[in-house]
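Data block for upload-v5.cif (mmCIF, C-alpha atoms):
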```cif
data_my_file
#
loop_
_atom_site.label_atom_id
_atom_site.label_comp_id
_atom_site.auth_asym_id
_atom_site.auth_seq_id
_atom_site.Cartn_x
_atom_site.Cartn_y
_atom_site.Cartn_z
CA MET A 14 2.04 2.45 -2.11
CA TRP A 15 0.98 0.20 -3.17
CA PHE A 16 3.76 -1.59 -5.03
CA LYS A 17 5.18 -4.75 -6.71
CA GLU A 18 6.23 -2.40 -9.45
CA GLU A 19 5.87 1.00 -7.82
CA HIS A 20 3.68 -0.63 -6.00
CA HIS A 21 0.57 -2.16 -4.99
CA LEU A 22 -0.18 -5.68 -3.95
CA LEU A 23 -0.93 -7.36 -7.24
CA GLY A 24 1.75 -5.81 -9.41
CA VAL A 25 -0.02 -2.60 -10.31
CA THR A 26 1.58 0.81 -10.17
CA ARG A 27 0.21 2.48 -7.06
CA THR A 28 -1.52 5.62 -8.17
CA SER A 29 -3.97 7.87 -6.40
CA SER A 30 -7.62 7.31 -7.02
CA GLY A 31 -9.13 8.84 -10.13
CA LEU A 32 -12.44 8.48 -8.37
CA ALA A 33 -11.26 10.93 -5.71
CA ARG A 34 -11.01 13.56 -8.39
CA ILE A 35 -14.42 12.56 -9.76
CA LEU A 36 -16.09 12.95 -6.40
CA SER A 37 -14.56 16.38 -5.91
CA ARG A 38 -16.52 17.82 -8.83
CA LYS A 39 -20.20 18.47 -9.26
CA GLY A 40 -21.45 15.66 -7.07
CA ARG A 41 -24.38 13.65 -8.24
CA VAL A 42 -24.67 15.24 -11.67
CA ALA A 43 -21.11 14.35 -12.65
CA LEU A 44 -21.38 10.95 -10.98
CA ALA A 45 -24.51 10.13 -12.93
CA ALA A 46 -22.89 11.17 -16.20
CA ILE A 47 -19.81 9.07 -15.50
CA ALA A 48 -21.94 6.13 -14.45
CA ALA A 49 -23.94 6.34 -17.67
CA ALA A 50 -20.82 6.52 -19.79
CA SER A 51 -19.24 3.65 -17.91
CA LEU A 52 -22.34 1.51 -18.43
CA LEU A 53 -21.99 2.06 -22.17
CA ILE A 54 -18.38 0.93 -21.93
CA LEU A 55 -19.43 -2.13 -19.97
CA SER A 56 -21.88 -3.16 -22.66
CA ALA A 57 -19.59 -2.37 -25.58
CA CYS A 58 -16.30 -3.94 -24.46
CA SER A 59 -17.17 -7.52 -23.72
CA THR A 60 -13.61 -8.76 -24.08
CA THR A 61 -12.11 -6.77 -21.20
CA SER A 62 -15.07 -5.45 -19.27
CA ALA A 63 -16.71 -6.96 -16.24
CA PRO A 64 -20.38 -7.74 -16.76
CA SER A 65 -22.97 -6.77 -14.21
CA SER A 66 -23.38 -9.56 -11.73
CA SER A 67 -26.56 -11.58 -11.51
CA ALA A 68 -25.15 -13.91 -8.90
CA THR A 69 -27.38 -16.36 -7.06
CA PRO A 70 -26.44 -18.71 -4.23
CA SER A 71 -25.25 -21.13 -6.95
CA GLN A 72 -22.65 -18.60 -8.09
CA ILE A 73 -20.69 -15.65 -6.76
CA THR A 74 -18.85 -13.13 -8.91
CA VAL A 75 -15.48 -11.72 -7.90
CA TRP A 76 -14.00 -8.64 -9.59
CA HIS A 77 -10.20 -8.31 -9.42
CA TYR A 78 -7.40 -6.63 -11.36
CA THR A 79 -4.81 -9.41 -11.41
CA ILE A 80 -3.55 -10.03 -14.95
CA ASP A 81 -0.07 -11.46 -14.31
CA PRO A 82 -0.28 -15.28 -14.66
CA ILE A 83 1.87 -15.99 -11.60
CA GLN A 84 0.03 -13.52 -9.39
CA ALA A 85 -3.30 -14.81 -10.72
CA LYS A 86 -2.57 -18.07 -8.90
CA VAL A 87 -3.73 -16.29 -5.74
CA ILE A 88 -7.15 -15.69 -7.28
CA THR A 89 -7.35 -19.29 -8.47
CA ALA A 90 -6.37 -20.62 -5.04
CA ALA A 91 -8.95 -18.45 -3.29
CA ALA A 92 -11.69 -19.72 -5.59
CA ALA A 93 -10.61 -23.33 -5.06
CA ALA A 94 -10.59 -22.93 -1.27
CA PHE A 95 -14.14 -21.56 -1.35
CA GLU A 96 -15.49 -24.14 -3.80
CA LYS A 97 -14.02 -26.96 -1.73
CA THR A 98 -16.31 -26.06 1.18
CA HIS A 99 -19.15 -24.89 -1.09
CA PRO A 100 -19.35 -27.62 -3.74
CA HIS A 101 -22.65 -26.30 -5.13
CA THR A 102 -21.45 -22.73 -5.62
CA LYS A 103 -19.15 -21.69 -8.45
CA VAL A 104 -16.81 -18.71 -8.26
CA ASN A 105 -16.87 -16.52 -11.36
CA SER A 106 -13.59 -14.56 -11.25
CA VAL A 107 -13.70 -11.54 -13.56
CA TYR A 108 -10.60 -9.57 -14.48
CA VAL A 109 -11.12 -5.80 -14.66
CA PRO A 110 -8.16 -3.57 -15.64
CA TYR A 111 -6.85 -1.67 -12.63
CA ASP A 112 -7.46 1.75 -14.14
CA GLN A 113 -11.07 0.84 -14.98
CA LEU A 114 -12.13 -0.92 -11.80
CA GLN A 115 -13.40 2.11 -9.92
CA SER A 116 -15.43 3.60 -12.77
CA LYS A 117 -17.02 0.24 -13.51
CA LEU A 118 -17.93 -0.27 -9.87
CA ILE A 119 -19.60 3.14 -9.88
CA ALA A 120 -21.48 2.34 -13.08
CA ALA A 121 -22.68 -0.98 -11.72
CA ALA A 122 -23.74 0.53 -8.39
CA ALA A 123 -25.69 3.27 -10.21
CA ALA A 124 -27.71 0.45 -11.79
CA GLN A 125 -27.94 -1.36 -8.43
CA GLN A 126 -25.74 -4.14 -9.77
CA GLY A 127 -22.16 -5.26 -9.35
CA PRO A 128 -19.97 -8.06 -8.07
CA ASP A 129 -20.45 -10.08 -4.91
CA VAL A 130 -16.78 -9.66 -3.97
CA VAL A 131 -14.42 -6.90 -5.06
CA LEU A 132 -10.63 -7.03 -4.61
CA PHE A 133 -9.11 -3.56 -4.98
CA ASN A 134 -6.37 -1.21 -3.85
CA GLY A 135 -7.03 -0.99 -0.11
CA GLY A 136 -6.03 2.66 -0.13
CA ASP A 137 -9.17 3.42 -2.14
CA ALA A 138 -11.58 1.94 0.41
CA ASN A 139 -12.94 5.23 1.72
CA THR A 140 -13.41 6.58 -1.77
CA LEU A 141 -15.30 3.49 -2.94
CA ALA A 142 -17.41 3.38 0.22
CA ALA A 143 -18.32 7.04 -0.22
CA ALA A 144 -19.44 6.25 -3.77
CA GLY A 145 -21.83 3.56 -2.52
CA THR A 146 -20.08 0.66 -4.23
CA LEU A 147 -19.32 -1.42 -1.11
CA ALA A 148 -21.44 -3.06 1.56
CA PRO A 149 -20.65 -2.72 5.30
CA LEU A 150 -18.92 -5.75 6.82
CA ASP A 151 -19.72 -5.03 10.47
CA LYS A 152 -22.16 -7.90 11.11
CA TYR A 153 -19.79 -10.42 9.53
CA TRP A 154 -16.72 -9.01 11.24
CA SER A 155 -18.30 -8.99 14.69
CA ALA A 156 -18.92 -12.75 14.38
CA TYR A 157 -15.54 -13.56 12.82
CA LYS A 158 -13.54 -15.69 15.26
CA ASP A 159 -10.14 -14.52 14.01
CA LYS A 160 -10.83 -10.79 13.97
CA SER A 161 -8.34 -10.18 16.80
CA GLN A 162 -5.52 -11.34 14.52
CA PHE A 163 -5.87 -8.31 12.26
CA PRO A 164 -4.35 -4.99 13.38
CA ASP A 165 -6.55 -1.93 13.09
CA SER A 166 -4.29 -0.60 10.35
CA THR A 167 -5.62 -3.32 8.02
CA LEU A 168 -9.28 -2.41 8.62
CA HIS A 169 -10.90 0.29 6.50
CA TYR A 170 -13.77 2.21 8.07
CA TYR A 171 -15.93 4.94 6.57
CA ASN A 172 -18.47 6.87 8.65
CA ASN A 173 -17.81 4.42 11.50
CA LYS A 174 -18.68 1.37 9.40
CA LEU A 175 -16.21 -1.30 8.28
CA TYR A 176 -16.05 -1.70 4.50
CA ALA A 177 -12.84 -3.60 3.73
CA VAL A 178 -10.14 -5.78 5.30
CA GLN A 179 -6.63 -6.45 4.01
CA GLY A 180 -5.43 -10.03 4.20
CA VAL A 181 -1.86 -9.18 3.24
CA VAL A 182 0.19 -6.01 3.34
CA ASP A 183 3.18 -4.33 1.72
CA LEU A 184 5.49 -2.03 3.63
CA VAL A 185 8.97 -0.54 3.70
CA ALA A 186 11.93 -1.29 5.92
CA LEU A 187 15.72 -0.77 5.91
CA TRP A 188 17.57 -3.08 3.54
CA TYR A 189 21.27 -3.26 4.40
CA ASN A 190 24.41 -4.53 2.67
CA GLN A 191 25.78 -6.94 5.26
CA ASP A 192 29.14 -7.38 3.50
CA LEU A 193 29.67 -3.63 3.32
CA MET A 194 28.70 -3.22 6.98
CA LYS A 195 31.37 -5.77 7.92
CA LYS A 196 33.95 -3.99 5.77
CA LEU A 197 33.14 -0.68 7.46
CA GLY A 198 33.23 -2.15 10.96
CA ILE A 199 29.50 -1.74 11.61
CA ALA A 200 28.31 -4.50 13.93
CA ALA A 201 24.56 -4.14 13.55
CA PRO A 202 21.95 -2.10 11.67
CA PRO A 203 21.22 1.31 13.20
CA THR A 204 18.38 1.75 15.68
CA THR A 205 18.55 5.55 16.04
CA ILE A 206 18.98 8.48 13.64
CA ASP A 207 22.36 9.26 15.19
CA GLU A 208 23.58 5.71 14.50
CA PHE A 209 22.08 5.90 11.02
CA ASP A 210 23.99 9.10 10.22
CA ALA A 211 27.22 7.73 11.70
CA ASP A 212 27.01 4.58 9.58
CA MET A 213 26.33 6.54 6.40
CA ALA A 214 29.25 8.86 7.20
CA LYS A 215 31.54 5.81 7.35
CA ALA A 216 30.23 4.68 3.96
CA LYS A 217 30.92 8.10 2.43
CA VAL A 218 34.48 8.26 3.76
CA ALA A 219 35.14 4.82 2.24
CA GLY A 220 33.80 5.95 -1.14
CA TYR A 221 30.30 4.49 -0.96
CA LYS A 222 26.81 5.97 -0.87
CA GLY A 223 24.90 5.72 2.38
CA LEU A 224 21.29 5.47 1.24
CA THR A 225 18.83 5.15 -1.62
CA VAL A 226 15.22 6.35 -1.39
CA THR A 227 12.48 7.44 -3.76
CA GLY A 228 12.44 11.15 -4.56
CA LEU A 229 10.15 11.28 -7.58
CA PRO A 230 7.67 14.19 -7.21
CA ASN A 231 4.53 12.08 -6.91
CA ASP A 232 2.60 9.88 -4.46
CA GLN A 233 5.42 7.33 -4.26
CA SER A 234 7.52 9.88 -2.42
CA GLU A 235 4.69 10.59 0.03
CA TRP A 236 4.69 6.85 0.78
CA GLN A 237 8.43 6.81 1.50
CA ALA A 238 8.49 10.17 3.27
CA TYR A 239 5.74 9.16 5.70
CA PRO A 240 7.96 7.14 8.12
CA TRP A 241 10.37 10.06 8.50
CA LEU A 242 7.55 12.58 8.88
CA THR A 243 5.92 10.55 11.65
CA HIS A 244 9.32 9.94 13.25
CA ALA A 245 9.50 13.71 13.73
CA GLY A 246 6.04 13.79 15.31
CA PHE A 247 3.94 14.63 12.26
CA SER A 248 0.45 13.24 11.70
CA TYR A 249 -2.38 14.15 9.36
CA GLU A 250 -4.66 14.26 12.39
CA LYS A 251 -2.57 17.03 13.98
CA PRO A 252 -0.05 18.38 11.45
CA THR A 253 2.52 20.92 12.64
CA ALA A 254 5.09 23.01 10.81
CA ALA A 255 7.69 22.16 13.47
CA SER A 256 7.49 18.40 12.87
CA LEU A 257 7.62 18.86 9.10
CA THR A 258 10.61 21.20 9.34
CA SER A 259 12.44 18.66 11.48
CA ALA A 260 11.75 15.80 9.07
CA PHE A 261 12.70 17.82 5.99
CA THR A 262 15.90 18.99 7.69
CA THR A 263 16.90 15.38 8.30
CA ALA A 264 16.15 14.35 4.72
CA GLN A 265 17.98 17.30 3.18
CA SER A 266 21.03 16.60 5.33
CA TRP A 267 21.38 13.19 3.67
CA VAL A 268 21.93 14.92 0.33
CA ASN A 269 24.02 17.80 1.69
CA ASN A 270 26.33 15.38 3.51
CA GLY A 271 26.79 13.23 0.42
CA TYR A 272 25.01 10.16 1.78
CA LEU A 273 22.20 10.29 -0.79
CA SER A 274 22.50 11.27 -4.44
CA LYS A 275 20.51 14.28 -5.60
CA GLU A 276 19.52 12.07 -8.53
CA ALA A 277 17.01 10.52 -6.13
CA VAL A 278 14.51 13.11 -7.37
CA THR A 279 14.30 11.10 -10.61
CA TRP A 280 13.99 7.69 -8.93
CA ASP A 281 10.80 5.71 -8.58
CA GLN A 282 10.78 2.77 -6.17
CA THR A 283 12.55 0.43 -8.60
CA LEU A 284 15.63 2.50 -9.52
CA PRO A 285 16.88 3.10 -5.97
CA PHE A 286 16.86 -0.63 -5.28
CA GLN A 287 18.80 -1.25 -8.47
CA GLN A 288 21.35 1.21 -7.13
CA PHE A 289 21.46 -0.73 -3.87
CA LEU A 290 22.05 -3.99 -5.76
CA THR A 291 25.24 -2.62 -7.32
CA GLY A 292 26.87 -3.22 -3.94
CA ASN A 293 28.04 0.38 -3.60
CA VAL A 294 25.27 1.56 -1.24
CA LEU A 295 25.01 0.76 2.45
CA PHE A 296 21.24 1.15 3.01
CA ALA A 297 18.01 1.25 1.01
CA GLU A 298 14.59 2.27 2.22
CA ASN A 299 12.39 -0.04 0.19
CA GLY A 300 9.69 -2.67 0.40
CA ASP A 301 9.01 -6.37 0.68
CA TRP A 302 8.20 -6.41 -3.04
CA GLN A 303 11.95 -6.23 -3.75
CA ALA A 304 12.60 -9.68 -2.26
CA GLY A 305 12.69 -11.29 -5.69
CA ALA A 306 15.12 -8.74 -7.10
CA ALA A 307 17.31 -9.04 -4.01
CA LYS A 308 18.01 -12.69 -4.77
CA GLY A 309 20.26 -11.50 -7.60
CA ALA A 310 22.54 -9.58 -5.24
CA LYS A 311 26.24 -10.49 -5.25
CA PHE A 312 26.52 -9.71 -1.54
CA LYS A 313 24.90 -10.74 1.73
CA TYR A 314 21.99 -8.52 2.71
CA GLY A 315 19.33 -8.21 5.36
CA VAL A 316 16.28 -6.26 6.47
CA ALA A 317 15.89 -4.26 9.68
CA PRO A 318 13.36 -1.71 10.98
CA LEU A 319 13.93 1.87 9.88
CA PRO A 320 15.65 3.73 12.75
CA LEU A 321 12.47 5.49 13.82
CA SER A 322 11.22 6.90 17.10
CA THR A 323 8.24 5.33 18.84
CA ASP A 324 6.05 7.70 16.80
CA GLY A 325 7.41 6.42 13.50
CA LYS A 326 4.87 4.59 11.35
CA LEU A 327 4.85 2.63 8.09
CA TYR A 328 2.00 2.60 5.62
CA LEU A 329 0.47 -0.82 5.07
CA GLY A 330 -0.47 -1.12 1.42
CA GLY A 331 -2.25 -4.09 -0.06
CA THR A 332 -5.47 -5.40 -1.52
CA GLY A 333 -8.76 -4.62 0.17
CA ASN A 334 -11.38 -7.36 0.36
CA ALA A 335 -14.97 -6.17 0.28
CA ILE A 336 -18.53 -7.18 -0.53
CA GLY A 337 -20.24 -5.38 -3.38
CA ALA A 338 -23.03 -3.04 -2.31
CA PHE A 339 -25.59 -4.88 -4.46
CA SER A 340 -24.41 -8.46 -4.00
CA LYS A 341 -27.28 -10.95 -4.22
CA ALA A 342 -25.34 -13.41 -2.07
CA PRO A 343 -23.54 -11.33 0.60
CA GLN A 344 -23.20 -14.23 3.06
CA LEU A 345 -21.45 -16.34 0.43
CA ALA A 346 -19.35 -13.35 -0.52
CA TRP A 347 -18.16 -13.01 3.06
CA GLU A 348 -17.41 -16.73 3.25
CA TYR A 349 -15.28 -16.40 0.12
CA ILE A 350 -13.32 -13.57 1.75
CA GLU A 351 -12.98 -15.48 5.00
CA SER A 352 -11.77 -18.74 3.47
CA GLY A 353 -9.93 -17.44 0.43
CA THR A 354 -8.10 -14.30 1.52
CA LEU A 355 -8.20 -13.85 5.30
CA SER A 356 -7.38 -17.44 6.24
CA LYS A 357 -3.85 -18.61 6.96
CA SER A 358 -3.84 -20.66 3.76
CA GLY A 359 -4.97 -17.64 1.76
CA GLU A 360 -2.21 -15.49 3.20
CA ILE A 361 0.39 -18.20 2.56
CA SER A 362 -0.77 -18.37 -1.06
CA ALA A 363 -0.27 -14.62 -1.45
CA LEU A 364 3.15 -14.83 0.20
CA GLU A 365 4.34 -17.68 -1.97
CA ASN A 366 2.96 -16.35 -5.26
CA ILE A 367 3.32 -12.59 -4.81
CA GLY A 368 5.67 -12.08 -1.88
CA SER A 369 3.22 -9.94 0.07
CA ILE A 370 3.39 -10.12 3.85
CA PRO A 371 0.59 -11.84 5.82
CA ALA A 372 -1.45 -9.33 7.80
CA ARG A 373 -2.49 -11.82 10.48
CA LEU A 374 -0.54 -11.31 13.68
CA ASP A 375 -0.52 -15.06 14.36
CA MET A 376 1.41 -15.60 11.12
CA VAL A 377 4.56 -13.88 12.40
CA LYS A 378 5.78 -17.17 13.90
CA ASP A 379 4.40 -19.41 11.15
CA PRO A 380 7.13 -21.54 9.49
CA THR A 381 6.22 -20.09 6.11
CA VAL A 382 7.18 -16.67 7.43
CA THR A 383 10.07 -17.59 9.72
CA SER A 384 11.78 -19.66 7.00
CA SER A 385 12.87 -16.36 5.46
CA ALA A 386 14.68 -13.74 7.53
CA ILE A 387 13.55 -11.12 5.02
CA THR A 388 9.88 -12.03 5.25
CA GLN A 389 10.05 -12.31 9.02
CA GLY A 390 11.73 -8.92 9.22
CA PHE A 391 8.86 -7.24 7.42
CA ALA A 392 6.15 -9.23 9.22
CA SER A 393 7.51 -8.22 12.62
CA LEU A 394 6.85 -4.55 11.84
CA ILE A 395 3.13 -4.81 11.09
CA GLY A 396 1.84 -4.73 14.65
CA PRO A 397 4.07 -2.07 16.25
CA ASN A 398 4.65 0.22 13.24
CA GLY A 399 1.81 -0.37 10.79
CA ALA A 400 -0.36 2.58 9.78
CA LYS A 401 -3.56 2.65 7.78
CA TYR A 402 -3.13 3.76 4.19
CA PRO A 403 -4.22 6.43 3.51
CA SER A 404 -4.80 8.27 6.77
CA ALA A 405 -8.45 8.41 7.78
CA ALA A 406 -7.92 12.11 8.53
CA ILE A 407 -7.75 12.85 4.79
CA PRO A 408 -11.16 13.31 3.11
CA PRO A 409 -11.50 10.68 0.35
CA LYS A 410 -11.88 13.30 -2.38
CA ASN A 411 -8.56 14.91 -1.37
CA VAL A 412 -6.34 11.83 -0.98
CA ALA A 413 -4.75 12.36 -4.38
CA GLY A 414 -4.14 16.04 -3.64
CA VAL A 415 -2.48 15.37 -0.28
CA GLN A 416 -0.25 12.64 -1.69
CA LEU A 417 0.86 14.85 -4.57
CA LEU A 418 1.48 17.85 -2.29
CA VAL A 419 3.69 15.93 0.13
CA GLY A 420 5.40 13.91 -2.61
CA GLN A 421 6.32 16.98 -4.62
CA THR A 422 7.55 18.80 -1.54
CA TRP A 423 9.67 15.84 -0.41
CA SER A 424 11.24 15.79 -3.89
CA ALA A 425 11.91 19.53 -3.76
CA VAL A 426 13.61 19.15 -0.38
CA LEU A 427 15.92 16.39 -1.65
CA GLY A 428 16.63 18.38 -4.78
CA GLY A 429 17.44 21.53 -2.80
CA GLN A 430 14.72 23.65 -4.41
CA LEU A 431 13.09 24.34 -1.03
CA THR A 432 14.51 24.93 2.42
CA PRO A 433 13.04 22.70 5.14
CA LYS A 434 11.12 25.65 6.60
CA ASP A 435 9.71 26.76 3.25
CA ALA A 436 8.78 23.16 2.48
CA ALA A 437 6.99 22.82 5.81
CA ASP A 438 5.10 26.07 5.23
CA LYS A 439 4.06 24.90 1.76
CA VAL A 440 2.68 21.61 3.09
CA MET A 441 0.88 23.26 5.99
CA SER A 442 -0.72 25.80 3.65
CA GLY A 443 -1.98 23.03 1.38
CA LEU A 444 -3.20 20.83 4.21
CA ASN A 445 -5.24 23.70 5.68
CA THR A 446 -7.51 23.29 2.67
CA LEU A 447 -7.09 19.62 1.80
CA LEU A 448 -7.82 18.27 5.27
CA LYS A 449 -11.14 20.08 5.61
CA LYS A 450 -14.03 17.62 5.66
#
```
Can you present the structure in this file as structure tokens?
Amino acid sequence: MWFKEEHHLLGVTRTSSGLARILSRKGRVALAAIAAASLLILSACSTTSAPSSSATPSQITVWHYTIDPIQAKVITAAAAAFEKTHPHTKVNSVYVPYDQLQSKLIAAAAAQQGPDVVLFNGGDANTLAAAGTLAPLDKYWSAYKDKSQFPDSTLHYYNNKLYAVQGVVDLVALWYNQDLMKKLGIAAPPTTIDEFDADMAKAKVAGYKGLTVTGLPNDQSEWQAYPWLTHAGFSYEKPTAASLTSAFTTAQSWVNNGYLSKEAVTWDQTLPFQQFLTGNVLFAENGDWQAGAAKGAKFKYGVAPLPLSTDGKLYLGGTGNAIGAFSKAPQLAWEYIESGTLSKSGEISALENIGSIPARLDMVKDPTVTSSAITQGFASLIGPNGAKYPSAAIPPKNVAGVQLLVGQTWSAVLGGQLTPKDAADKVMSGLNTLLKK
């Protein structure tokens, strides 16, 4: 999810798409009404709203949701990189509040207008493509010389057409307290579930907690549950009650054995890491966005892969880069994306200013990445473990419903309100409806 603060790439709380709920209603009638209302908002709120683009080759307009001054340096750097090679074209960067971006894109598209470039929550790519707000990237991507550097999990397709690419990603891994490991006689981070359990058992005997995770009953928990679900063989393409039961059994055992506090059901993605930073917890499942907070730790720490099977996958959150469906300068828009966000310099800018991990596979050995063991630890997981977020098997209109279903069930398992079998049955029952195209 998204997160930087419960998370998404540019510091926005990762929430499920409101547009998904819009599209699930009365189709074109509701969409037209929303578009009309949004157009009124666009015209009335000139101080915070993004105007309809009238870009020409002398200007391109970029819509983004980055308001934090430090994080906004990424937007400024991308514009500068483009303008350096296009001295006669100005970049007009327009801030649109995160919770308004989708409705304003719909409104603009209804009027056959909109930005040349749109930077948005990559997890909403299918929803935005289905709404007709984005232009296909296939002809640009097929000619892009560095396309092989981007894993498939960073590419967002809808109806077999490419609509967005992520230049950077955010993902979870296993943070560990190196000082506590040494005290407990643990030589290295665990690589299997059995080792994981054994290490946490040692922590419990010594009076420490073994693990912190998110257990809040919302989409954040679906994000953190996903690695353990896939470890057990689950997938949204072929969901099974057996794999869910196995995963939920493992998770509930962490609480029953005293490794994980039942209070986890009240924790978002920030609180569990704060618990980890007290020095009294051995492991934390959390993301790269905690690197800044980790610098305040009073102990040595590190990052390792979660102890997953070969089936285990990690969602790759991050910002999607796309061309607006009604851009008047689509070639220039693509060149902005190519030079400003997909290039090595663009990814380094995002790493240095935001802390997000470069998506390019050839960046894993770049000095900017290797200079930090933490950054390198996350970057090394993208190729072998990265998974597209959200799963393409989930219909865009039902993404929010699936995330809430799994997140609430994960929370109920950790809280002991549901047995693993009952939890699995609940999820399977919901997915039977939610996964229908």
Could you tell me how far CA of His99 in chain A lies from CA of Ala138 in chain A, in Å and to one decimal?
-> 27.9 Å
Name the residues that the PyMOL selection byres ((chain A and resi 290) around 8) pulls out of this structure, and write them as a PyMOL selection string.
-> chain A and resi 286-289+291-294+307+309-311
Chain and number of each residue from the PyMOL selection byres ((chain A and resi 335) around 6), as a list in words = Val130, Val131, Ala177, Asn334 and Ile336 of chain A
Determine the residue set returned by the PyMOL selection byres ((chain A and resi 274) around 10) for the present structure, and present it as a count of residues only.
-> 18
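With only C-alpha atoms as the atoms that count, the residue of A:Gly396, A:Pro128, A:Gly443, A:Gly246 with the shortest distance to Gly414 in chain A is A:Gly443.
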Considering all atoms listed in the file, give me a table of residues in range 144-240 of chain A that are at most 10 Å from range 103-118 of chain A, with the closest atom pair and distance in Å for each, as a Markdown table.
```
| residue | atom | partner | partner_atom | distance |
| --- | --- | --- | --- | --- |
| A:Ala144 | CA | A:Leu118 | CA | 9.1 |
| A:Gly145 | CA | A:Leu118 | CA | 9.2 |
| A:Thr146 | CA | A:Leu118 | CA | 6.1 |
| A:Leu147 | CA | A:Leu118 | CA | 8.9 |
```
Shell of 10 Å around Lys439 in chain A, all atoms listed in the file, local chain residues under 3 positions omitted, as a PyMOL selection string | chain A and resi 254+418-419+422+431+433-436+442-444
Considering all atoms listed in the file, give me a table of residues in range 331-351 of chain A that are at most 10 Å from range 153-171 of chain A, with the closest atom pair and distance in Å for each, as a Markdown table.
```
| residue | atom | partner | partner_atom | distance |
| --- | --- | --- | --- | --- |
| A:Gly331 | CA | A:Thr167 | CA | 8.8 |
| A:Thr332 | CA | A:Thr167 | CA | 9.8 |
| A:Gly333 | CA | A:His169 | CA | 8.3 |
| A:Asn334 | CA | A:His169 | CA | 9.8 |
| A:Ala335 | CA | A:His169 | CA | 9.8 |
| A:Pro343 | CA | A:Tyr153 | CA | 9.7 |
| A:Gln344 | CA | A:Tyr153 | CA | 8.2 |
| A:Trp347 | CA | A:Tyr153 | CA | 7.2 |
| A:Glu348 | CA | A:Tyr153 | CA | 9.2 |
| A:Glu351 | CA | A:Tyr157 | CA | 8.4 |
```
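For the pair CA of Gly368 in chain A and CA of Thr79 in chain A, the separation is 14.4 Å.
We find CA of Tyr314 in chain A and CA of Leu193 in chain A to be spaced 9.1 Å apart.
Using only C-alpha atoms, the set of residues no farther than 8 Å from the position (-3.7, -12.5, 10.5) comprises Asp159, Gln162, Phe163, Gly180, Leu355, Ser356, Lys357, Pro371, Ala372, Arg373, Leu374, Asp375 and Met376 of chain A.
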Please write as a PyMOL selection string the list of polymer residues whose atoms come within 8 Å of (-11.8, 13.2, 1.9), counting all atoms listed in the file and keeping to the coordinates of the file.
-> chain A and resi 33+140+406-412+447-450
